[in-house]
Amino acid sequence: MADKMATTPWLEAGARHVWRPYAQMKTAAPPLAVAATRGARLILEDGRELIDGIASWWTACHGYNHPHIRAAVESQLARAPHMMFGGLAHEPAYRLAARLAALLPGDLSRVFFAESGSVSVEIAMKMALQYWINKGVLGRTRFLSFLGGYHGDTLATMTVCDPDEGMHALFAGVLPPQHIAPLPRDDASEATLASLLTAHGHEIAAILVEPRVQGAGGMIFHDDQTLRRLRRLADAHDVLLIFDEIFVGFGRTGELFACEGSGVTPDIITLSKALTGGTLPLSAAIAGARVFDAFWSDDPGAALMHGPTYMGNPLACAAANASLDLFEEGAWKADVSRIEAGLRQALEPCRAAPGVVDVRVMGAIGVVEFETAVDSGALCQRFAAEGVWIRPMGKVIYLTPPFIISDAELEVLTGAVRKIVGWA
Ligand SMILES: *Cc1c(COP(=O)(O)O)cnc(C)c1O
């Protein structure tokens, strides 16, 4: 079926052929046709401009069409848009790997590139499984992850998502079951997790967690102490620790990497979303020495057998290097504090609205949580009528704007949330 109310010729022609994400195609409202992007704005085909409250799924941290990133991609496009990564090397990827290693905490320094977040998590999981195989330890075939977690939509990453969010029921019997537990937020839950690890540690390859904020699972926060508990437990039970910073990495929580303040270094970290400043698809699974050393061998069988076709794409790496230049310039830090203050002040009144159970802010993430799930599609349309692009999920209406958003634009976003929350 074509989407109803398509108003633009290409939209009408393509609507019967495009299968849209997370959509019941029969009933979903038609998508908004976007002609161009600029700064913190989406410019629609009908001429309206929407202020983007979610930075295109948390990617466009420096805003859209940033001139520095654009110039870097254009110049790389003229030089070499793509080449295979097997047996060939190019400057953008090698430079990016060295820069990421310098920025990341601890000894996280061996960068394996891929094209999407889910695939980088799959690679991190594969590294963890093979780490134990290479060490001659058998039976470490499962993972421990957390309620409220989200790590991707591919088959292996679905198994480590929250069971309710992650479609476990639908694919029961197809996907291998993992251990999924509450986060160790206090001594009692740490003790529960410790006994789980005592009983099952011998079959667990790694613990997998999104540090500080569980994003797609509902923007649920936890503290640095939780991460320190996880490191302690992982060490005590000799399992690897993987941090999935695909959402929180690159400044979103106020630190360049969300785990920084905890003093905890994971054995593997995954990055994607804001890695290229929202310009091109790119991800990375980055291992520390402990993991990499287990693959360093005269035995070809101990190698990591993985290599996505578009791995380390030069355009994407050029965009990521340009995005890192912008992070090095440092304005993001003050911007995130400014947005944090703006969100705190402007969202606070939502606490009194009917059905609202919590309002919380961390860095450039503002969340209004309801008691029950909200009607995301209907709310999207209401928000668009207010001149903003906000796409609630589950029980939360949230804002994760580009860091370059102006105070005036941020006020439009928060004003729309206050207005709609009164209605929701
Ligand atoms: C978005 C996300 C993923 C999946 O990334 P894709 O690029 O959509 O495959 C994995 N983990 C976290 C924490 C994410 O936010």
# chains A, B, ... in the order shown; residues from 1 in each chain; ligands from 1
>>> select_by_dssp(residues="stretch 182-340 of chain A", states="strand (DSSP E or B)", output="list of chain:residue names")
A:Ile204, A:Ala205, A:Ala206, A:Ile207, A:Leu208, A:Val209, A:Val213, A:Gln214, A:Ile220, A:Phe221, A:Leu240, A:Leu241, A:Ile242, A:Phe243, A:Asp244, A:Ile268, A:Ile269, A:Thr270, A:Leu271, A:Ser283, A:Ala284, A:Ala285, A:Ile286, A:Ala287
>>> closest_atom_pairs(of="chain A", to="ligand 1", cutoff="7 Å", atoms="only C-alpha atoms and all ligand atoms", output="CSV")
residue,atom,partner,partner_atom_place_in_ligand_line,distance
A:Ser116,CA,ligand 1,7 (O),4.0
A:Gly117,CA,ligand 1,5 (O),3.2
A:Ser118,CA,ligand 1,9 (O),3.5
A:Val119,CA,ligand 1,9 (O),6.3
A:Val121,CA,ligand 1,10 (C),6.7
A:Tyr150,CA,ligand 1,13 (C),5.6
A:His151,CA,ligand 1,11 (N),3.6
A:Gly152,CA,ligand 1,4 (C),3.9
A:Asp153,CA,ligand 1,9 (O),6.4
A:Glu210,CA,ligand 1,13 (C),5.7
A:Gln214,CA,ligand 1,13 (C),6.9
A:Gly215,CA,ligand 1,15 (O),5.7
A:Ala216,CA,ligand 1,15 (O),5.9
A:Asp244,CA,ligand 1,13 (C),5.4
A:Glu245,CA,ligand 1,13 (C),5.9
A:Ile246,CA,ligand 1,13 (C),4.7
A:Phe247,CA,ligand 1,15 (O),4.1
A:Ser272,CA,ligand 1,7 (O),6.5
A:Lys273,CA,ligand 1,7 (O),6.3
>>> residues_around(residues="A:Met125", least_positions_apart="3", cutoff="9 Å", atoms="only C-alpha atoms", output="JSON, numbers by chain")
{"A": [120, 121, 122, 128, 129, 130, 143, 156, 157, 205, 206, 208, 242]}
>>> write_last_selection(atoms="C-alpha atoms", output="CSV table (one decimal), in the first residue's frame")
chain,number,residue,atom,x,y,z
A,120,SER,CA,30.4,-3.4,15.7
A,121,VAL,CA,28.6,-5.1,18.7
A,122,GLU,CA,28.5,-8.4,16.8
A,128,ALA,CA,35.0,-12.0,23.2
A,129,LEU,CA,33.9,-15.6,22.2
A,130,GLN,CA,37.1,-16.2,20.2
A,143,PHE,CA,26.8,-13.2,27.4
A,156,ALA,CA,23.1,-11.8,17.8
A,157,THR,CA,22.6,-8.3,19.2
A,205,ALA,CA,32.4,-14.8,27.6
A,206,ALA,CA,31.6,-11.2,28.5
A,208,LEU,CA,27.9,-6.2,27.9
A,242,ILE,CA,32.3,-4.7,26.9
>>> select_by_dssp(residues="stretch 164-220 of chain A", states="alpha helix (DSSP H)", output="list in words")
Asp187, Ala188, Ser189, Glu190, Ala191, Thr192, Leu193, Ala194, Ser195, Leu196, Leu197, Thr198, Ala199 and His200 of chain A
>>> write_last_selection(atoms="all heavy atoms", output="mmCIF file, in the first residue's frame")
data_model
loop_
_atom_site.group_PDB
_atom_site.id
_atom_site.type_symbol
_atom_site.label_atom_id
_atom_site.label_comp_id
_atom_site.auth_asym_id
_atom_site.auth_seq_id
_atom_site.Cartn_x
_atom_site.Cartn_y
_atom_site.Cartn_z
ATOM 1 N N ASP A 187 24.339 -2.383 46.555
ATOM 2 C CA ASP A 187 25.020 -3.573 47.092
ATOM 3 C C ASP A 187 24.174 -4.827 46.919
ATOM 4 O O ASP A 187 24.700 -5.897 46.610
ATOM 5 C CB ASP A 187 25.341 -3.365 48.581
ATOM 6 C CG ASP A 187 26.405 -2.285 48.771
ATOM 7 O OD1 ASP A 187 27.046 -1.909 47.755
ATOM 8 O OD2 ASP A 187 26.583 -1.809 49.904
ATOM 9 N N ALA A 188 22.850 -4.691 47.096
ATOM 10 C CA ALA A 188 21.983 -5.872 47.002
ATOM 11 C C ALA A 188 21.995 -6.441 45.581
ATOM 12 O O ALA A 188 22.157 -7.652 45.385
ATOM 13 C CB ALA A 188 20.561 -5.509 47.422
ATOM 14 N N SER A 189 21.851 -5.555 44.583
ATOM 15 C CA SER A 189 21.828 -6.072 43.203
ATOM 16 C C SER A 189 23.222 -6.527 42.771
ATOM 17 O O SER A 189 23.356 -7.415 41.926
ATOM 18 C CB SER A 189 21.235 -5.045 42.236
ATOM 19 O OG SER A 189 21.743 -3.765 42.456
ATOM 20 N N GLU A 190 24.276 -5.950 43.386
ATOM 21 C CA GLU A 190 25.624 -6.445 43.098
ATOM 22 C C GLU A 190 25.761 -7.877 43.621
ATOM 23 O O GLU A 190 26.322 -8.748 42.945
ATOM 24 C CB GLU A 190 26.697 -5.551 43.735
ATOM 25 C CG GLU A 190 28.104 -6.076 43.458
ATOM 26 C CD GLU A 190 29.231 -5.184 43.985
ATOM 27 O OE1 GLU A 190 28.933 -4.169 44.636
ATOM 28 O OE2 GLU A 190 30.404 -5.530 43.734
ATOM 29 N N ALA A 191 25.202 -8.126 44.794
ATOM 30 C CA ALA A 191 25.289 -9.471 45.380
ATOM 31 C C ALA A 191 24.525 -10.481 44.525
ATOM 32 O O ALA A 191 24.990 -11.608 44.298
ATOM 33 C CB ALA A 191 24.745 -9.456 46.801
ATOM 34 N N THR A 192 23.364 -10.067 44.018
ATOM 35 C CA THR A 192 22.579 -10.956 43.145
ATOM 36 C C THR A 192 23.376 -11.300 41.890
ATOM 37 O O THR A 192 23.423 -12.460 41.459
ATOM 38 C CB THR A 192 21.266 -10.254 42.724
ATOM 39 O OG1 THR A 192 20.621 -9.766 43.902
ATOM 40 C CG2 THR A 192 20.340 -11.195 41.979
ATOM 41 N N LEU A 193 24.013 -10.271 41.329
ATOM 42 C CA LEU A 193 24.788 -10.491 40.109
ATOM 43 C C LEU A 193 26.012 -11.364 40.400
ATOM 44 O O LEU A 193 26.383 -12.219 39.587
ATOM 45 C CB LEU A 193 25.216 -9.139 39.524
ATOM 46 C CG LEU A 193 25.533 -9.117 38.036
ATOM 47 C CD1 LEU A 193 24.366 -9.623 37.210
ATOM 48 C CD2 LEU A 193 25.912 -7.704 37.595
ATOM 49 N N ALA A 194 26.598 -11.154 41.570
ATOM 50 C CA ALA A 194 27.753 -11.973 41.956
ATOM 51 C C ALA A 194 27.351 -13.446 42.040
ATOM 52 O O ALA A 194 28.096 -14.326 41.581
ATOM 53 C CB ALA A 194 28.321 -11.487 43.289
ATOM 54 N N SER A 195 26.159 -13.725 42.580
ATOM 55 C CA SER A 195 25.788 -15.149 42.671
ATOM 56 C C SER A 195 25.460 -15.711 41.297
ATOM 57 O O SER A 195 25.750 -16.876 41.015
ATOM 58 C CB SER A 195 24.657 -15.404 43.681
ATOM 59 O OG SER A 195 23.744 -14.361 43.691
ATOM 60 N N LEU A 196 24.896 -14.886 40.419
ATOM 61 C CA LEU A 196 24.672 -15.348 39.039
ATOM 62 C C LEU A 196 26.015 -15.725 38.389
ATOM 63 O O LEU A 196 26.138 -16.755 37.735
ATOM 64 C CB LEU A 196 23.971 -14.246 38.229
ATOM 65 C CG LEU A 196 23.420 -14.607 36.846
ATOM 66 C CD1 LEU A 196 22.298 -13.646 36.457
ATOM 67 C CD2 LEU A 196 24.474 -14.600 35.751
ATOM 68 N N LEU A 197 27.021 -14.869 38.631
ATOM 69 C CA LEU A 197 28.337 -15.133 38.024
ATOM 70 C C LEU A 197 29.022 -16.335 38.676
ATOM 71 O O LEU A 197 29.750 -17.079 38.006
ATOM 72 C CB LEU A 197 29.210 -13.881 38.114
ATOM 73 C CG LEU A 197 28.869 -12.809 37.068
ATOM 74 C CD1 LEU A 197 29.390 -11.442 37.468
ATOM 75 C CD2 LEU A 197 29.421 -13.196 35.694
ATOM 76 N N THR A 198 28.799 -16.526 39.965
ATOM 77 C CA THR A 198 29.374 -17.703 40.625
ATOM 78 C C THR A 198 28.787 -18.972 39.998
ATOM 79 O O THR A 198 29.501 -19.939 39.712
ATOM 80 C CB THR A 198 29.062 -17.682 42.136
ATOM 81 O OG1 THR A 198 29.604 -16.460 42.665
ATOM 82 C CG2 THR A 198 29.683 -18.856 42.858
ATOM 83 N N ALA A 199 27.487 -18.947 39.730
ATOM 84 C CA ALA A 199 26.829 -20.125 39.172
ATOM 85 C C ALA A 199 27.139 -20.308 37.689
ATOM 86 O O ALA A 199 27.277 -21.431 37.204
ATOM 87 C CB ALA A 199 25.316 -20.025 39.389
ATOM 88 N N HIS A 200 27.216 -19.205 36.939
ATOM 89 C CA HIS A 200 27.267 -19.326 35.473
ATOM 90 C C HIS A 200 28.501 -18.712 34.822
ATOM 91 O O HIS A 200 28.634 -18.747 33.598
ATOM 92 C CB HIS A 200 26.019 -18.679 34.859
ATOM 93 C CG HIS A 200 24.737 -19.325 35.278
ATOM 94 N ND1 HIS A 200 24.318 -20.532 34.782
ATOM 95 C CD2 HIS A 200 23.791 -18.942 36.184
ATOM 96 C CE1 HIS A 200 23.162 -20.871 35.333
ATOM 97 N NE2 HIS A 200 22.827 -19.916 36.202
#
>>> closest_residue(among="A:Ala320, A:Cys61, A:Ala89, A:Ala33", to="A:Pro9", atoms="only C-alpha atoms")
A:Ala33
>>> residues_around(residues="A:Ser262", least_positions_apart="6", cutoff="10 Å", atoms="only C-alpha atoms", output="list in words")
Pro211, Arg212, Asp223, Asp224, Gln225, Thr226, Leu227 and Arg228 of chain A
